[in-house]
$ cat upload_10.txt   # compact mmCIF, C-alpha atoms
# COMPACT_ATOMS: atom_id res chain seq x y z
CA MET A 1 -22.85 11.15 -12.47
CA GLU A 2 -19.40 9.77 -13.24
CA TYR A 3 -16.46 10.84 -11.09
CA ARG A 4 -12.79 10.27 -11.95
CA PHE A 5 -10.42 10.39 -8.99
CA THR A 6 -7.31 8.75 -7.62
CA LEU A 7 -6.68 7.34 -4.16
CA ARG A 8 -3.08 6.68 -3.09
CA PHE A 9 -2.36 4.41 -0.14
CA SER A 10 0.62 3.34 1.91
CA LEU A 11 0.60 -0.42 2.27
CA PRO A 12 1.09 -2.25 5.57
CA VAL A 13 4.44 -3.99 5.99
CA ASP A 14 2.85 -7.44 5.89
CA HIS A 15 0.61 -6.81 2.87
CA ALA A 16 -0.54 -9.54 0.52
CA THR A 17 1.15 -10.32 -2.77
CA GLN A 18 0.29 -8.15 -5.78
CA ASP A 19 -1.92 -10.85 -7.28
CA GLU A 20 -3.76 -11.36 -3.99
CA MET A 21 -4.28 -7.60 -3.57
CA LEU A 22 -5.66 -7.29 -7.11
CA GLU A 23 -8.03 -10.18 -6.52
CA ASN A 24 -9.15 -8.77 -3.15
CA LEU A 25 -9.70 -5.31 -4.69
CA ALA A 26 -11.85 -6.76 -7.47
CA MET A 27 -13.90 -8.79 -4.98
CA ALA A 28 -14.36 -5.69 -2.77
CA GLY A 29 -15.86 -3.71 -5.66
CA CYS A 30 -12.83 -1.84 -7.00
CA ASP A 31 -13.21 -3.31 -10.49
CA ASP A 32 -13.77 0.23 -11.81
CA ALA A 33 -10.21 1.28 -10.97
CA LEU A 34 -6.86 1.16 -12.72
CA VAL A 35 -4.31 -0.05 -10.19
CA GLY A 36 -0.71 1.13 -9.99
CA LEU A 37 1.87 -0.77 -7.94
CA GLY A 38 5.09 0.81 -9.25
CA VAL A 39 6.42 2.20 -5.95
CA PRO A 40 7.25 -0.39 -3.27
CA GLY A 41 4.95 -0.06 -0.26
CA ARG A 42 2.41 2.08 -2.15
CA ILE A 43 -0.66 1.52 -4.27
CA ALA A 44 -2.62 3.98 -6.38
CA LEU A 45 -6.10 3.41 -7.74
CA GLU A 46 -7.59 5.63 -10.43
CA PHE A 47 -11.36 5.27 -10.23
CA SER A 48 -14.02 6.05 -12.80
CA ARG A 49 -17.11 5.66 -10.64
CA GLU A 50 -20.82 6.31 -11.04
CA ALA A 51 -22.43 7.76 -7.91
CA SER A 52 -25.04 10.29 -6.85
CA SER A 53 -22.32 12.54 -5.36
CA ALA A 54 -18.55 12.91 -5.29
CA SER A 55 -18.59 12.37 -1.54
CA GLU A 56 -20.42 9.05 -1.93
CA ALA A 57 -18.07 7.88 -4.70
CA LEU A 58 -14.93 8.70 -2.72
CA LYS A 59 -16.21 7.31 0.58
CA ARG A 60 -17.35 4.03 -0.97
CA ALA A 61 -14.08 3.59 -2.89
CA GLU A 62 -11.97 4.25 0.21
CA GLU A 63 -14.02 1.78 2.26
CA GLU A 64 -13.66 -0.88 -0.43
CA VAL A 65 -9.88 -0.47 -0.58
CA MET A 66 -9.60 -0.58 3.21
CA SER A 67 -11.63 -3.81 3.34
CA ALA A 68 -9.54 -5.37 0.56
CA ILE A 69 -6.20 -4.29 2.05
CA PRO A 70 -6.48 -4.16 5.85
CA GLY A 71 -3.97 -1.76 7.35
CA ALA A 72 -3.62 0.40 4.22
CA ILE A 73 -3.38 4.11 5.02
CA LEU A 74 -4.73 6.79 2.71
CA ALA A 75 -1.86 9.01 1.60
CA GLU A 76 -3.73 11.30 -0.81
CA ALA A 77 -7.03 11.76 -2.60
CA ALA A 78 -6.78 13.46 -5.99
CA PRO A 79 -7.50 15.75 -7.73
CA ASP A 80 -6.59 18.25 -5.04
CA PHE A 81 -2.97 19.36 -5.32
CA VAL A 82 -2.38 20.44 -8.93
CA GLY A 83 0.04 22.29 -11.16
CA LEU A 84 -0.93 24.49 -14.10
CA THR A 85 -0.66 21.58 -16.52
CA ASP A 86 -3.13 19.58 -14.42
CA VAL A 87 -5.59 22.48 -14.28
CA ALA A 88 -5.32 23.01 -18.03
CA GLU A 89 -5.98 19.34 -18.69
CA LEU A 90 -8.95 19.17 -16.31
CA THR A 91 -10.56 22.33 -17.69
CA GLY A 92 -9.81 21.78 -21.37
CA MET A 93 -7.51 24.80 -21.70
CA SER A 94 -3.93 25.00 -22.84
CA ARG A 95 -1.15 25.29 -20.27
CA GLN A 96 -0.07 28.53 -21.95
CA ASN A 97 -3.54 30.00 -21.49
CA MET A 98 -3.56 29.00 -17.80
CA ARG A 99 -0.14 30.58 -17.30
CA LYS A 100 -1.28 33.80 -18.99
CA LEU A 101 -4.35 33.91 -16.76
CA MET A 102 -2.23 33.28 -13.67
CA LEU A 103 0.15 36.14 -14.47
CA SER A 104 -2.16 38.84 -15.76
CA GLN A 105 -5.68 38.68 -14.36
CA ARG A 106 -7.61 40.45 -11.65
CA PRO A 107 -8.77 39.46 -9.17
CA PRO A 108 -5.39 37.88 -8.61
CA PHE A 109 -4.88 34.19 -9.23
CA PRO A 110 -5.05 32.11 -6.01
CA LEU A 111 -1.86 31.77 -4.01
CA PRO A 112 -0.17 28.39 -4.37
CA VAL A 113 0.14 26.02 -1.41
CA HIS A 114 3.71 25.41 -2.57
CA ASP A 115 5.69 27.90 -4.60
CA GLY A 116 8.99 26.59 -5.86
CA LYS A 117 10.35 25.41 -9.17
CA THR A 118 6.91 23.89 -9.66
CA ALA A 119 4.01 25.70 -8.02
CA ILE A 120 1.14 23.67 -6.60
CA TRP A 121 -2.41 24.86 -5.92
CA HIS A 122 -5.57 23.40 -4.47
CA LEU A 123 -7.71 22.64 -7.51
CA ASP A 124 -10.76 23.87 -5.61
CA ASP A 125 -9.21 27.37 -5.27
CA VAL A 126 -8.36 27.60 -8.97
CA LEU A 127 -11.79 26.38 -10.09
CA ALA A 128 -13.50 28.87 -7.76
CA TRP A 129 -11.35 31.65 -9.24
CA LEU A 130 -12.18 30.57 -12.79
CA SER A 131 -15.89 30.40 -12.02
CA GLN A 132 -15.80 33.96 -10.55
CA ARG A 133 -14.58 35.18 -13.90
CA GLY A 134 -17.75 33.73 -15.46
CA THR A 135 -16.26 33.07 -18.89
CA TYR A 136 -15.28 29.42 -18.50
CA ALA A 137 -17.61 26.44 -18.76
CA LEU A 138 -16.37 24.05 -16.12
CA PRO A 139 -17.71 20.51 -15.65
CA SER A 140 -19.77 20.45 -12.43
CA ALA A 141 -18.40 17.04 -11.42
CA ILE A 142 -14.81 18.28 -11.24
CA GLY A 143 -15.67 21.21 -8.96
CA GLU A 144 -17.59 18.98 -6.57
CA LEU A 145 -14.82 16.38 -6.65
CA ALA A 146 -12.12 19.01 -5.97
CA GLN A 147 -13.97 20.13 -2.84
CA VAL A 148 -14.45 16.56 -1.59
CA THR A 149 -10.83 15.47 -2.17
CA ARG A 150 -9.53 18.64 -0.49
CA GLN A 151 -11.73 18.00 2.56
CA ARG A 152 -10.61 14.36 2.69
CA ASN A 153 -6.93 15.31 2.50
CA LEU A 154 -7.42 17.88 5.24
CA ARG A 155 -9.10 15.30 7.51
CA ARG A 156 -6.22 12.89 6.80
CA ALA A 157 -3.63 15.55 7.70
CA LEU A 158 -5.45 16.45 10.93
CA GLN A 159 -5.71 12.78 11.90
CA ARG A 160 -1.99 12.25 11.34
CA ARG A 161 -1.25 15.31 13.46
CA GLU A 162 -3.47 13.99 16.28
CA ASP A 163 -1.80 10.57 16.05
CA ARG A 164 1.63 12.20 16.57
CA ALA A 165 0.46 14.26 19.55
$ encode --input "upload_10.txt" --output "structure tokens"
Amino acid sequence: MEYRFTLRFSLPVDHATQDEMLENLAMAGCDDALVGLGVPGRIALEFSREASSASEALKRAEEEVMSAIPGAILAEAAPDFVGLTDVAELTGMSRQNMRKLMLSQRPPFPLPVHDGKTAIWHLDDVLAWLSQRGTYALPSAIGELAQVTRQRNLRRALQRREDRA
């Protein structure tokens, strides 16, 4: 199955040049990723990867990046934290339809993890809610991927907390 996901990393202070990083990533097996280097000290890789499971795809991609860029630190695995526009895009609905569902349906729409000018949810929670309603055909790969990226982000957050303690 094909999985589309993004891994964002913080680069070590003494990282290689952009050209060297791109070459190292390709040699490590990340030739199925679009690479973004727009923010100094950060790198984002959007993968489109064939694998037998989302967990395998994510794990292999992370290992390849870490071998290509020693000292890189995973900042986020996506899709996990999403707004309504993201959910609409991933599920093939309009943003207006997602907003209407959020405001008017029972059982109630999942609580956001951040509620401000822009609300943010865990994609896994929203997909589970949509599947409970039984009227939406959701791609199986995205549900599996949402669970895996959420778990990976949680492990990353716990590790950072332990490192500070």
$ closest_residue --input "upload_10.txt" --among "A:Pro110, A:Gly71, A:Pro139, A:Gly36" --to "A:Leu90" --atoms "all atoms listed in the file"
A:Pro139
$ atom_distance --input "upload_10.txt" --atom1 "atom CA of A:Pro70" --atom2 "atom CA of A:Asp19"
15.4 Å
$ closest_residue --input "upload_10.txt" --among "A:Thr149, A:Thr118, A:Gln159, A:Asn24" --to "A:Glu64" --atoms "only C-alpha atoms"
A:Asn24
$ atom_distance --input "upload_10.txt" --atom1 "atom CA of A:Ile69" --atom2 "atom CA of A:Ala26"
11.3 Å
$ residues_around --input "upload_10.txt" --residues "A:Glu56" --least-positions-apart "6" --cutoff "12 Å" --atoms "all atoms listed in the file" --output "list in words"
Met1, Glu2, Tyr3, Arg49, Glu50, Glu62, Glu63, Glu144, Leu145, Val148 and Thr149 of chain A
$ closest_residue --input "upload_10.txt" --among "A:Val39, A:Ala44, A:Leu34, A:Val126" --to "A:Ala75" --atoms "only C-alpha atoms"
A:Ala44
$ residues_around --input "upload_10.txt" --residues "A:Ala137" --least-positions-apart "6" --cutoff "10 Å" --atoms "all atoms listed in the file" --output "list in words"
Thr91, Gly92, Leu130 and Ser131 of chain A
$ closest_residue --input "upload_10.txt" --among "A:Asp125, A:Gln132, A:Pro12, A:Thr85" --to "A:Pro107" --atoms "all atoms listed in the file"
A:Gln132
$ closest_residue --input "upload_10.txt" --among "A:Glu20, A:Asp32, A:Glu76, A:Glu46" --to "A:Ala157" --atoms "all atoms listed in the file"
A:Glu76
$ axis_aligned_box --input "upload_10.txt" --around "stretch 114-121 of chain A" --padding-each-side "5 Å" --output "lines of an AutoDock Vina configuration file"
center_x = 4.0
center_y = 25.8
center_z = -6.1
size_x = 22.8
size_y = 14.2
size_z = 17.1
$ closest_residue --input "upload_10.txt" --among "A:Leu127, A:Met66, A:Met21, A:Leu11" --to "A:Gly41" --atoms "only C-alpha atoms"
A:Leu11
$ residues_near_point --input "upload_10.txt" --point "(-8.1, 19.1, 0.0)" --cutoff "10 Å" --atoms "all atoms listed in the file" --output "list in words"
Glu76, Ala77, Ala78, Pro79, Asp80, Phe81, His122, Leu123, Asp124, Asp125, Leu145, Ala146, Gln147, Val148, Thr149, Arg150, Gln151, Arg152, Asn153, Leu154, Arg155, Arg156 and Ala157 of chain A
$ atom_distance --input "upload_10.txt" --atom1 "atom CA of A:Ala57" --atom2 "atom CA of A:Arg133"
29.0 Å
$ build_atoms --input "upload_10.txt" --residues "stretch 90-117 of chain A" --atoms "N, CA and C atoms" --output "PDB file, keeping the file's coordinate frame"
ATOM      1  N   LEU A  90      -7.638  19.397 -16.900  1.00  0.00           N
ATOM      2  CA  LEU A  90      -8.950  19.170 -16.310  1.00  0.00           C
ATOM      3  C   LEU A  90     -10.019  20.134 -16.822  1.00  0.00           C
ATOM      4  N   THR A  91      -9.598  21.316 -17.234  1.00  0.00           N
ATOM      5  CA  THR A  91     -10.560  22.330 -17.690  1.00  0.00           C
ATOM      6  C   THR A  91     -10.646  22.452 -19.204  1.00  0.00           C
ATOM      7  N   GLY A  92      -9.780  21.725 -19.915  1.00  0.00           N
ATOM      8  CA  GLY A  92      -9.810  21.780 -21.370  1.00  0.00           C
ATOM      9  C   GLY A  92      -9.135  23.000 -21.961  1.00  0.00           C
ATOM     10  N   MET A  93      -8.262  23.639 -21.210  1.00  0.00           N
ATOM     11  CA  MET A  93      -7.510  24.800 -21.700  1.00  0.00           C
ATOM     12  C   MET A  93      -6.075  24.376 -22.002  1.00  0.00           C
ATOM     13  N   SER A  94      -5.351  25.264 -22.630  1.00  0.00           N
ATOM     14  CA  SER A  94      -3.930  25.000 -22.840  1.00  0.00           C
ATOM     15  C   SER A  94      -3.155  25.465 -21.607  1.00  0.00           C
ATOM     16  N   ARG A  95      -1.989  24.870 -21.391  1.00  0.00           N
ATOM     17  CA  ARG A  95      -1.150  25.290 -20.270  1.00  0.00           C
ATOM     18  C   ARG A  95      -0.734  26.745 -20.445  1.00  0.00           C
ATOM     19  N   GLN A  96      -0.469  27.154 -21.680  1.00  0.00           N
ATOM     20  CA  GLN A  96      -0.070  28.530 -21.950  1.00  0.00           C
ATOM     21  C   GLN A  96      -1.176  29.508 -21.567  1.00  0.00           C
ATOM     22  N   ASN A  97      -2.431  29.142 -21.867  1.00  0.00           N
ATOM     23  CA  ASN A  97      -3.540  30.000 -21.490  1.00  0.00           C
ATOM     24  C   ASN A  97      -3.663  30.103 -19.972  1.00  0.00           C
ATOM     25  N   MET A  98      -3.497  28.984 -19.266  1.00  0.00           N
ATOM     26  CA  MET A  98      -3.560  29.000 -17.800  1.00  0.00           C
ATOM     27  C   MET A  98      -2.445  29.873 -17.226  1.00  0.00           C
ATOM     28  N   ARG A  99      -1.253  29.771 -17.794  1.00  0.00           N
ATOM     29  CA  ARG A  99      -0.140  30.580 -17.300  1.00  0.00           C
ATOM     30  C   ARG A  99      -0.418  32.068 -17.531  1.00  0.00           C
ATOM     31  N   LYS A 100      -0.953  32.398 -18.696  1.00  0.00           N
ATOM     32  CA  LYS A 100      -1.280  33.800 -18.990  1.00  0.00           C
ATOM     33  C   LYS A 100      -2.324  34.320 -18.008  1.00  0.00           C
ATOM     34  N   LEU A 101      -3.331  33.512 -17.729  1.00  0.00           N
ATOM     35  CA  LEU A 101      -4.350  33.910 -16.760  1.00  0.00           C
ATOM     36  C   LEU A 101      -3.729  34.116 -15.378  1.00  0.00           C
ATOM     37  N   MET A 102      -2.856  33.198 -14.982  1.00  0.00           N
ATOM     38  CA  MET A 102      -2.230  33.280 -13.670  1.00  0.00           C
ATOM     39  C   MET A 102      -1.436  34.573 -13.512  1.00  0.00           C
ATOM     40  N   LEU A 103      -0.751  34.992 -14.565  1.00  0.00           N
ATOM     41  CA  LEU A 103       0.150  36.140 -14.470  1.00  0.00           C
ATOM     42  C   LEU A 103      -0.525  37.492 -14.664  1.00  0.00           C
ATOM     43  N   SER A 104      -1.677  37.526 -15.332  1.00  0.00           N
ATOM     44  CA  SER A 104      -2.160  38.840 -15.760  1.00  0.00           C
ATOM     45  C   SER A 104      -3.570  39.214 -15.322  1.00  0.00           C
ATOM     46  N   GLN A 105      -4.267  38.401 -14.600  1.00  0.00           N
ATOM     47  CA  GLN A 105      -5.680  38.680 -14.360  1.00  0.00           C
ATOM     48  C   GLN A 105      -5.962  39.242 -12.973  1.00  0.00           C
ATOM     49  N   ARG A 106      -7.060  39.955 -12.894  1.00  0.00           N
ATOM     50  CA  ARG A 106      -7.610  40.450 -11.650  1.00  0.00           C
ATOM     51  C   ARG A 106      -9.041  39.967 -11.541  1.00  0.00           C
ATOM     52  N   PRO A 107      -9.526  39.537 -10.405  1.00  0.00           N
ATOM     53  CA  PRO A 107      -8.770  39.460  -9.170  1.00  0.00           C
ATOM     54  C   PRO A 107      -7.588  38.518  -9.319  1.00  0.00           C
ATOM     55  N   PRO A 108      -6.616  38.682  -8.451  1.00  0.00           N
ATOM     56  CA  PRO A 108      -5.390  37.880  -8.610  1.00  0.00           C
ATOM     57  C   PRO A 108      -5.656  36.378  -8.512  1.00  0.00           C
ATOM     58  N   PHE A 109      -4.836  35.654  -9.234  1.00  0.00           N
ATOM     59  CA  PHE A 109      -4.880  34.190  -9.230  1.00  0.00           C
ATOM     60  C   PHE A 109      -4.638  33.712  -7.799  1.00  0.00           C
ATOM     61  N   PRO A 110      -5.256  32.612  -7.383  1.00  0.00           N
ATOM     62  CA  PRO A 110      -5.050  32.110  -6.010  1.00  0.00           C
ATOM     63  C   PRO A 110      -3.572  31.864  -5.703  1.00  0.00           C
ATOM     64  N   LEU A 111      -3.230  32.052  -4.444  1.00  0.00           N
ATOM     65  CA  LEU A 111      -1.860  31.770  -4.010  1.00  0.00           C
ATOM     66  C   LEU A 111      -1.635  30.265  -3.994  1.00  0.00           C
ATOM     67  N   PRO A 112      -0.457  29.836  -4.404  1.00  0.00           N
ATOM     68  CA  PRO A 112      -0.170  28.390  -4.370  1.00  0.00           C
ATOM     69  C   PRO A 112       0.043  27.916  -2.936  1.00  0.00           C
ATOM     70  N   VAL A 113      -0.164  26.615  -2.718  1.00  0.00           N
ATOM     71  CA  VAL A 113       0.140  26.020  -1.410  1.00  0.00           C
ATOM     72  C   VAL A 113       1.621  25.684  -1.334  1.00  0.00           C
ATOM     73  N   HIS A 114       2.257  25.586  -2.493  1.00  0.00           N
ATOM     74  CA  HIS A 114       3.710  25.410  -2.570  1.00  0.00           C
ATOM     75  C   HIS A 114       4.191  26.208  -3.765  1.00  0.00           C
ATOM     76  N   ASP A 115       5.169  27.055  -3.524  1.00  0.00           N
ATOM     77  CA  ASP A 115       5.690  27.900  -4.600  1.00  0.00           C
ATOM     78  C   ASP A 115       7.196  27.674  -4.690  1.00  0.00           C
ATOM     79  N   GLY A 116       7.583  26.889  -5.649  1.00  0.00           N
ATOM     80  CA  GLY A 116       8.990  26.590  -5.860  1.00  0.00           C
ATOM     81  C   GLY A 116       9.223  26.494  -7.349  1.00  0.00           C
ATOM     82  N   LYS A 117      10.126  25.612  -7.741  1.00  0.00           N
ATOM     83  CA  LYS A 117      10.350  25.410  -9.170  1.00  0.00           C
ATOM     84  C   LYS A 117       9.047  25.043  -9.858  1.00  0.00           C
TER      85      LYS A 117
END
